[in-house]
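Quick look at entry-v1.csv (CSV, C-alpha atoms and all ligand atoms):
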chain,number,residue,atom,x,y,z
R,28,MET,CA,67.4,-76.7,52.1
R,29,ALA,CA,65.2,-73.9,50.6
R,30,LYS,CA,61.8,-75.0,49.5
R,31,ARG,CA,61.2,-75.1,45.8
R,32,LYS,CA,58.6,-72.6,44.6
R,33,VAL,CA,55.9,-74.4,42.6
R,34,ILE,CA,52.8,-73.5,40.6
R,35,LEU,CA,50.4,-76.4,39.9
R,36,ASP,CA,48.1,-76.2,36.9
R,37,VAL,CA,45.2,-78.6,37.5
R,38,ASP,CA,41.9,-79.9,36.1
R,39,THR,CA,40.9,-81.2,39.6
R,40,GLY,CA,40.0,-84.3,39.2
R,41,SER,CA,40.8,-87.3,41.5
R,42,ASP,CA,44.6,-87.6,40.7
R,43,ASP,CA,45.0,-83.8,40.5
R,44,ALA,CA,43.5,-83.7,44.1
R,45,VAL,CA,46.2,-86.2,45.3
R,46,ALA,CA,48.9,-84.1,43.6
R,47,LEU,CA,47.6,-80.9,45.3
R,48,CYS,CA,47.6,-82.6,48.7
R,49,ALA,CA,51.2,-83.8,48.3
R,50,ALA,CA,52.3,-80.3,47.1
R,51,VAL,CA,50.6,-78.5,49.9
R,52,LEU,CA,52.0,-80.9,52.6
R,53,SER,CA,55.5,-81.5,51.3
R,54,PRO,CA,58.2,-79.8,53.4
R,55,ASP,CA,60.3,-79.5,50.1
R,56,ILE,CA,57.7,-77.4,48.2
R,57,GLU,CA,56.2,-73.9,48.6
R,58,LEU,CA,53.0,-74.0,46.5
R,59,VAL,CA,52.6,-70.4,45.6
R,60,ALA,CA,49.4,-70.8,43.6
R,61,ALA,CA,47.2,-73.2,41.7
R,62,CYS,CA,45.8,-72.4,38.3
R,63,SER,CA,42.7,-74.3,37.1
R,64,VAL,CA,42.0,-75.5,33.6
R,65,TRP,CA,39.2,-77.4,32.0
R,66,GLY,CA,39.7,-81.1,31.4
R,67,ASN,CA,38.4,-83.8,33.7
R,68,GLN,CA,35.4,-81.5,34.3
R,69,PRO,CA,34.3,-78.1,33.1
R,70,ILE,CA,36.3,-75.1,34.4
R,71,GLU,CA,33.7,-74.2,37.0
R,72,ASN,CA,34.1,-77.6,38.6
R,73,THR,CA,37.8,-77.9,38.4
R,74,THR,CA,38.2,-74.4,39.9
R,75,ASP,CA,35.6,-75.1,42.7
R,76,ASN,CA,37.2,-78.5,43.4
R,77,THR,CA,40.6,-76.9,43.9
R,78,LEU,CA,39.1,-74.2,46.2
R,79,ARG,CA,37.2,-76.8,48.2
R,80,LEU,CA,40.4,-78.8,48.7
R,81,PHE,CA,42.4,-75.8,49.9
R,82,GLU,CA,39.7,-74.9,52.3
R,83,ALA,CA,39.7,-78.5,53.6
R,84,LEU,CA,43.5,-78.5,54.0
R,85,GLY,CA,43.2,-75.1,55.8
R,86,VAL,CA,45.6,-73.4,53.5
R,87,ASP,CA,45.3,-69.9,52.0
R,88,ILE,CA,46.8,-70.5,48.6
R,89,PRO,CA,45.4,-68.4,45.7
R,90,VAL,CA,43.6,-70.1,42.8
R,91,TYR,CA,43.6,-68.5,39.4
R,92,ARG,CA,40.9,-69.6,37.0
R,93,GLY,CA,42.2,-70.7,33.7
R,94,CYS,CA,41.0,-71.5,30.2
R,95,ASP,CA,37.7,-73.3,29.5
R,96,THR,CA,38.9,-74.9,26.3
R,97,ALA,CA,41.9,-75.4,24.0
R,98,MET,CA,43.7,-72.6,22.3
R,99,THR,CA,42.7,-73.7,18.8
R,100,LYS,CA,41.9,-77.4,18.6
R,101,TYR,CA,38.1,-77.3,19.0
R,102,LEU,CA,37.7,-74.4,16.5
R,103,CYS,CA,38.1,-77.0,13.9
R,104,LYS,CA,34.8,-78.8,13.8
R,105,ASN,CA,36.1,-82.0,12.3
R,106,TYR,CA,39.1,-82.8,14.5
R,107,VAL,CA,39.7,-86.5,14.6
R,108,GLU,CA,38.7,-88.4,17.8
R,109,LEU,CA,37.9,-92.0,18.2
R,110,ASP,CA,35.3,-92.3,20.9
R,111,ALA,CA,36.8,-95.4,22.6
R,112,TRP,CA,35.6,-94.5,26.1
R,113,ARG,CA,32.0,-95.5,25.5
R,114,LEU,CA,33.1,-99.0,24.7
R,115,ARG,CA,34.5,-99.6,28.2
R,116,PRO,CA,32.7,-101.6,30.8
R,117,LYS,CA,31.1,-99.3,33.5
R,118,ALA,CA,32.8,-99.0,36.9
R,119,MET,CA,30.3,-99.7,39.6
R,120,ARG,CA,30.3,-99.2,43.4
R,121,GLY,CA,27.3,-100.2,45.6
R,122,GLY,CA,25.1,-100.7,42.6
R,123,LYS,CA,25.9,-97.2,41.2
R,124,GLU,CA,28.1,-96.2,38.3
R,125,ILE,CA,31.2,-94.1,39.4
R,126,SER,CA,33.5,-92.2,37.2
R,127,MET,CA,37.3,-91.7,37.4
R,128,HIS,CA,36.6,-88.1,38.4
R,129,SER,CA,33.5,-87.0,40.3
R,130,ALA,CA,31.9,-83.6,39.2
R,131,HIS,CA,32.5,-82.4,42.8
R,132,LEU,CA,35.1,-83.7,45.2
R,133,PRO,CA,33.5,-85.2,48.3
R,134,LEU,CA,34.4,-82.2,50.4
R,135,ALA,CA,32.2,-79.4,52.0
R,136,PRO,CA,31.3,-76.6,49.6
R,137,THR,CA,33.2,-73.4,50.1
R,138,ASN,CA,32.6,-69.7,49.7
R,139,ARG,CA,36.1,-69.1,48.6
R,140,LYS,CA,36.5,-67.6,45.1
R,141,ALA,CA,39.2,-67.7,42.5
R,142,GLU,CA,41.3,-64.6,42.0
R,143,ASP,CA,40.3,-62.0,39.4
R,144,MET,CA,43.3,-62.3,37.2
R,145,PRO,CA,43.1,-65.1,34.6
R,146,ALA,CA,45.6,-67.9,35.0
R,147,ALA,CA,47.7,-67.1,31.8
R,148,CYS,CA,48.0,-63.5,32.9
R,149,PHE,CA,49.0,-64.6,36.4
R,150,TYR,CA,51.9,-66.7,35.0
R,151,VAL,CA,53.2,-63.7,33.1
R,152,ASP,CA,52.8,-61.3,35.9
R,153,TYR,CA,54.2,-63.6,38.7
R,154,LEU,CA,57.1,-64.9,36.7
R,155,ARG,CA,58.2,-61.6,35.4
R,156,LYS,CA,58.3,-60.2,39.0
R,157,SER,CA,59.8,-63.3,40.6
R,158,LYS,CA,63.4,-63.0,41.9
R,159,GLU,CA,63.6,-66.8,42.0
R,160,LYS,CA,63.1,-69.4,39.4
R,161,VAL,CA,59.8,-71.3,39.7
R,162,THR,CA,58.8,-74.9,38.9
R,163,LEU,CA,55.6,-75.3,36.9
R,164,ILE,CA,53.7,-78.6,37.2
R,165,PRO,CA,50.9,-78.7,34.6
R,166,VAL,CA,48.8,-81.8,35.0
R,167,GLY,CA,45.8,-81.0,32.8
R,168,PRO,CA,45.5,-79.7,29.2
R,169,LEU,CA,48.4,-77.4,28.7
R,170,THR,CA,46.4,-74.3,27.5
R,171,ASN,CA,47.2,-71.9,30.4
R,172,VAL,CA,51.0,-72.5,30.3
R,173,GLY,CA,51.1,-72.6,26.5
R,174,LEU,CA,49.2,-69.3,26.3
R,175,ALA,CA,51.5,-67.6,28.8
R,176,LEU,CA,54.6,-68.7,26.9
R,177,ARG,CA,53.0,-67.4,23.7
R,178,ILE,CA,52.2,-64.0,25.2
R,179,ALA,CA,55.5,-63.6,27.0
R,180,PRO,CA,58.3,-66.0,25.8
R,181,ASP,CA,60.7,-64.1,28.1
R,182,ILE,CA,59.1,-65.8,31.2
R,183,VAL,CA,61.1,-68.9,30.3
R,184,ASP,CA,64.1,-67.3,32.0
R,185,LYS,CA,62.2,-67.5,35.3
R,186,ILE,CA,61.2,-71.2,34.9
R,187,GLU,CA,63.3,-73.8,36.8
R,188,GLU,CA,61.6,-76.7,35.2
R,189,ILE,CA,58.2,-77.6,33.7
R,190,VAL,CA,57.1,-81.1,34.9
R,191,ILE,CA,54.2,-82.2,32.6
R,192,MET,CA,51.8,-85.0,33.3
R,193,GLY,CA,51.1,-86.0,29.7
R,194,GLY,CA,51.8,-88.1,26.7
R,195,GLY,CA,52.8,-91.7,26.2
R,196,SER,CA,55.3,-93.5,24.1
R,197,LYS,CA,54.0,-97.1,24.2
R,198,ILE,CA,50.9,-96.4,26.2
R,199,THR,CA,48.0,-94.1,25.4
R,200,ASN,CA,44.5,-93.6,26.8
R,201,HIS,CA,42.4,-91.1,25.0
R,202,ASP,CA,42.9,-92.5,21.5
R,203,PRO,CA,45.1,-95.2,20.0
R,204,TRP,CA,47.7,-92.4,19.6
R,205,SER,CA,47.2,-90.0,22.4
R,206,GLU,CA,47.0,-89.3,26.1
R,207,SER,CA,44.2,-87.1,27.3
R,208,ASN,CA,46.0,-84.0,28.5
R,209,ILE,CA,48.0,-83.7,25.3
R,210,PHE,CA,45.1,-84.7,23.1
R,211,HIS,CA,43.0,-81.8,24.4
R,212,ASP,CA,45.5,-79.1,23.5
R,213,PRO,CA,48.3,-80.4,21.3
R,214,GLU,CA,49.3,-76.9,20.1
R,215,ALA,CA,49.9,-75.7,23.7
R,216,ALA,CA,51.9,-78.9,24.3
R,217,GLN,CA,54.1,-78.2,21.3
R,218,ILE,CA,54.7,-74.6,22.4
R,219,ILE,CA,56.0,-75.9,25.7
R,220,ALA,CA,58.0,-78.7,24.1
R,221,GLU,CA,59.9,-76.0,22.1
R,222,CYS,CA,60.0,-73.2,24.7
R,223,GLY,CA,63.6,-73.8,25.8
R,224,ALA,CA,63.0,-74.5,29.5
R,225,ARG,CA,63.9,-77.8,31.0
R,226,VAL,CA,60.8,-79.9,30.2
R,227,VAL,CA,60.2,-83.2,32.0
R,228,TRP,CA,57.5,-85.4,30.6
R,229,VAL,CA,55.8,-87.7,33.0
R,230,PRO,CA,53.8,-89.9,30.6
R,231,LEU,CA,51.6,-92.9,30.9
R,232,ASP,CA,54.7,-95.1,30.4
R,233,ALA,CA,55.9,-94.0,33.9
R,234,THR,CA,52.5,-93.5,35.6
R,235,HIS,CA,51.3,-97.0,34.7
R,236,ARG,CA,54.4,-98.4,36.3
R,237,ALA,CA,54.4,-96.4,39.6
R,238,VAL,CA,50.9,-97.4,40.5
R,239,ILE,CA,49.0,-97.3,43.8
R,240,THR,CA,47.4,-100.5,45.0
R,241,LEU,CA,44.5,-101.3,47.4
R,242,ASP,CA,47.2,-102.3,50.0
R,243,ASP,CA,48.8,-98.8,49.6
R,244,CYS,CA,45.4,-97.3,50.2
R,245,LYS,CA,45.1,-99.3,53.4
R,246,ARG,CA,48.5,-97.8,54.4
R,247,PHE,CA,47.2,-94.3,53.7
R,248,ARG,CA,44.1,-95.0,55.9
R,249,ASP,CA,46.3,-96.3,58.7
R,250,ILE,CA,48.0,-92.8,58.8
R,251,GLY,CA,44.5,-91.5,59.7
R,252,THR,CA,44.9,-87.8,58.8
R,253,PHE,CA,42.3,-86.0,56.6
R,254,ALA,CA,44.7,-85.9,53.6
R,255,ALA,CA,45.5,-89.6,53.9
R,256,ASN,CA,41.8,-90.7,54.1
R,257,PHE,CA,40.8,-88.3,51.4
R,258,CYS,CA,43.5,-89.5,49.0
R,259,ALA,CA,42.8,-93.1,49.9
R,260,SER,CA,39.2,-92.5,48.8
R,261,GLN,CA,40.2,-90.9,45.5
R,262,CYS,CA,42.7,-93.7,44.8
R,263,GLU,CA,40.1,-96.4,45.6
R,264,GLN,CA,37.7,-94.7,43.2
R,265,ARG,CA,40.4,-94.8,40.5
R,266,ILE,CA,41.2,-98.5,41.2
R,267,ILE,CA,37.5,-99.5,40.6
R,268,ASN,CA,37.6,-97.6,37.3
R,269,HIS,CA,41.0,-99.1,36.3
R,270,ASP,CA,39.8,-102.6,37.2
R,271,ALA,CA,36.6,-102.2,35.1
R,272,GLY,CA,37.8,-100.5,32.0
R,273,GLN,CA,41.6,-99.9,32.0
R,274,PRO,CA,43.2,-102.8,33.8
R,275,LEU,CA,46.9,-102.4,34.7
R,276,ASP,CA,49.7,-105.1,34.9
R,277,ILE,CA,49.2,-105.1,38.7
R,278,PRO,CA,45.6,-106.0,39.6
R,279,HIS,CA,43.6,-103.7,41.9
R,280,ALA,CA,45.8,-100.8,41.3
R,281,ALA,CA,45.5,-97.3,39.8
R,282,ALA,CA,47.7,-94.9,38.0
R,283,VAL,CA,47.6,-91.6,40.0
R,284,HIS,CA,49.3,-89.8,37.2
R,285,ASP,CA,49.4,-86.2,38.5
R,286,ALA,CA,50.8,-87.0,41.9
R,287,LEU,CA,53.8,-88.7,40.3
R,288,CYS,CA,54.9,-85.3,38.9
R,289,VAL,CA,54.8,-83.8,42.4
R,290,ALA,CA,56.7,-86.8,43.8
R,291,TYR,CA,59.3,-86.2,41.1
R,292,VAL,CA,59.8,-82.6,42.3
R,293,ILE,CA,60.2,-83.9,45.9
R,294,ASP,CA,62.5,-86.7,44.9
R,295,PRO,CA,63.6,-87.0,41.3
R,296,THR,CA,64.7,-90.6,41.7
R,297,VAL,CA,61.1,-91.7,41.7
R,298,LEU,CA,61.4,-91.6,37.9
R,299,THR,CA,63.7,-94.5,37.2
R,300,ASP,CA,64.3,-94.3,33.4
R,301,LEU,CA,64.4,-90.6,32.5
R,302,ARG,CA,65.9,-90.1,29.0
R,303,HIS,CA,67.0,-86.9,27.3
R,304,CYS,CA,65.1,-87.0,24.0
R,305,HIS,CA,63.6,-85.0,21.2
R,306,VAL,CA,59.8,-84.8,21.9
R,307,GLU,CA,57.4,-83.5,19.3
R,308,ILE,CA,53.6,-83.3,19.3
R,309,GLY,CA,51.4,-84.5,16.5
R,310,LEU,CA,49.2,-81.6,15.4
R,311,ASP,CA,47.1,-82.8,12.6
R,312,GLY,CA,44.3,-85.4,11.9
R,313,TYR,CA,45.1,-88.9,13.1
R,314,GLY,CA,48.1,-88.5,15.3
R,315,SER,CA,46.9,-85.1,16.7
R,316,GLY,CA,48.1,-85.1,20.3
R,317,GLN,CA,50.6,-87.9,19.9
R,318,THR,CA,53.8,-87.5,21.8
R,319,ILE,CA,56.5,-88.5,19.3
R,320,VAL,CA,59.7,-89.4,21.0
R,321,ASP,CA,62.7,-89.6,18.8
R,322,GLN,CA,64.6,-92.6,20.0
R,323,ARG,CA,67.0,-93.0,17.1
R,324,ALA,CA,70.7,-93.2,17.7
R,325,TYR,CA,71.1,-89.8,16.0
R,326,PRO,CA,67.9,-88.0,17.0
R,327,LEU,CA,66.6,-84.5,16.3
R,328,GLU,CA,67.8,-81.9,18.9
R,329,ARG,CA,67.0,-83.1,22.4
R,330,ASN,CA,64.5,-80.7,23.9
R,331,GLY,CA,63.1,-82.6,26.9
R,332,TRP,CA,63.4,-85.4,29.4
R,333,PHE,CA,60.9,-88.3,28.9
R,334,ALA,CA,60.2,-90.8,31.8
R,335,PHE,CA,59.8,-94.4,30.8
R,336,ASP,CA,59.5,-95.9,34.3
R,337,GLY,CA,58.8,-95.1,37.9
R,338,ASP,CA,59.4,-96.7,41.3
R,339,ARG,CA,56.0,-97.4,42.9
R,340,PHE,CA,57.3,-98.2,46.3
R,341,LYS,CA,59.2,-94.9,46.5
R,342,PHE,CA,56.1,-93.1,45.2
R,343,VAL,CA,54.0,-94.4,48.0
R,344,ASP,CA,56.6,-93.6,50.6
R,345,ILE,CA,56.8,-90.0,49.4
R,346,LEU,CA,53.0,-89.7,49.6
R,347,CYS,CA,52.8,-91.2,53.0
R,348,ASP,CA,55.5,-88.7,54.3
R,349,CYS,CA,53.3,-85.9,53.0
R,350,PHE,CA,50.0,-87.2,54.3
R,351,GLN,CA,51.2,-87.8,57.8
R,352,ARG,CA,52.1,-84.1,58.1
R,353,ASP,CA,48.5,-83.0,57.7
R,354,LYS,CA,46.9,-81.2,60.7
R,355,SER,CA,43.5,-80.5,59.1
R,356,THR,CA,40.3,-81.6,60.8
R,357,ALA,CA,38.2,-81.7,57.6
R,358,GLN,CA,36.0,-84.7,56.8
R,359,VAL,CA,35.7,-86.7,53.6
R,360,LEU,CA,32.0,-86.6,52.7
R,361,GLU,CA,30.0,-89.6,51.4
R,362,GLU,CA,29.9,-89.5,47.5
R,363,ALA,CA,26.5,-88.3,46.4
R,401,LIG,C1,45.6,-87.3,32.8
R,401,LIG,O1,44.3,-87.0,32.3
R,401,LIG,C2,43.4,-86.7,33.4
R,401,LIG,O2,42.3,-87.4,33.3
R,401,LIG,C3,44.2,-87.0,34.6
R,401,LIG,O3,43.9,-86.1,35.7
R,401,LIG,C4,45.6,-86.9,34.2
R,401,LIG,O4,46.1,-85.6,34.3
R,401,LIG,C5,45.9,-88.8,32.5
R,401,LIG,O5,45.7,-89.1,31.1
R,402,CA,CA,44.9,-83.9,35.6
Would you mind writing the structure in this file as structure tokens?
Amino acid sequence: MAKRKVILDVDTGSDDAVALCAAVLSPDIELVAACSVWGNQPIENTTDNTLRLFEALGVDIPVYRGCDTAMTKYLCKNYVELDAWRLRPKAMRGGKEISMHSAHLPLAPTNRKAEDMPAACFYVDYLRKSKEKVTLIPVGPLTNVGLALRIAPDIVDKIEEIVIMGGGSKITNHDPWSESNIFHDPEAAQIIAECGARVVWVPLDATHRAVITLDDCKRFRDIGTFAANFCASQCEQRIINHDAGQPLDIPHAAAVHDALCVAYVIDPTVLTDLRHCHVEIGLDGYGSGQTIVDQRAYPLERNGWFAFDGDRFKFVDILCDCFQRDKSTAQVLEEA
């Protein structure tokens, strides 16, 4: 079967890094490029982290630097945000505080540089020229893809599917009403929701179900490749953070959100409750960045597919299959 052409849009980031490894190594995916966006870290870091990871994996995939902030949200000086993060207990390892996403991935620095063309322009240029349809997997704030669709709505004809990590129906993380990626650029998310392409939402409802446990990390380490060890280290870091401040139903486990989107592209049955719904994004005040899913018997026009559940065992199997294909000799560095 032909490989699916994919572009990942990342704010790398621990779970973005696992998603990138899976996409690079999957025999079902041809990763044609990665676009960076600000989010988990500033754009300089998310771009550099993506370049470092490609160097470590020994692949020559172009990286296009994307937007360093939202399209419009932060122009408004009094947007509403409840700073709930500071209330959380700190995550500690070896007496040191660790965050969900390190500023730099624990990989050797690289001299590689991002391409000159900005990410939004790359989408327009690449998709217009492409003879095949391409799958987009944006797993950070949606600014680059939203902007590209705003500049050139015709590119929708070249999009196979847009698989978004973002949103939550019953579960949120950034605010009582929003998930981080959608919170950061709700206008871009709304542009995508209404663009007319097939849009699949992989929200917290699914990613908090298809979790990765410490036992799964041990299974990764037993594979022994660079990708398996590196992803185990990123997942373990996430587990410490979840246990400290964002405990899940299963103890000593982490949501590895972004990688679930890639797993879905490899095997759609990893999302087990995918419903055709109307999805709308809150754009104002309290509720800005909320994913509003119309679940009434007679809903507004269905414009997307929203995942309510995921299969954690299948997810781990898919990742293991990818990691064992890695031939890289790179090393995972000690966290600074
Ligand atoms: C999303 O926000 C980021 O912190 C993660 O990388 C993921 O894409 C989860 O809310
Ligand atoms: Ca992300």
Using only C-alpha atoms and all ligand atoms, which residue out of R:His128, R:Lys158, R:Lys197, R:Arg302 lies closest to ligand LIG 401 (chain R)?
R:His128
Please write as number ranges by chain the list of polymer residues whose atoms come within 9 Å of (60.5, -86.2, 20.7), counting only C-alpha atoms and keeping to the coordinates of the file.
R: 220, 304-308, 318-322, 326-331, 333
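Between CA of Pro295 (chain R) and CA of Leu275 (chain R) the separation is 23.7 Å.
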Taking 2 positions as the minimum chain separation for residues in the same chain, which residues sit within 8 Å of Ala83 (chain R) when counting only C-alpha atoms? Answer as number ranges by chain.
R: 79-81, 85-86, 134-135, 355-358
Give me a file of those residues, with C-alpha atoms, as a tab-separated table (two decimals), in the coordinates of the input.
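Listed below is the output, selection-v5.tsv:
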chain	number	residue	atom	x	y	z
R	79	ARG	CA	37.20	-76.80	48.20
R	80	LEU	CA	40.40	-78.80	48.70
R	81	PHE	CA	42.40	-75.80	49.90
R	85	GLY	CA	43.20	-75.10	55.80
R	86	VAL	CA	45.60	-73.40	53.50
R	134	LEU	CA	34.40	-82.20	50.40
R	135	ALA	CA	32.20	-79.40	52.00
R	355	SER	CA	43.50	-80.50	59.10
R	356	THR	CA	40.30	-81.60	60.80
R	357	ALA	CA	38.20	-81.70	57.60
R	358	GLN	CA	36.00	-84.70	56.80
Atomic distance CA of Lys100 (chain R) - CA of Thr199 (chain R), expressed in Å with one decimal:
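Atom-to-atom, CA of Lys100 (chain R) and CA of Thr199 (chain R) are spaced 19.0 Å apart.
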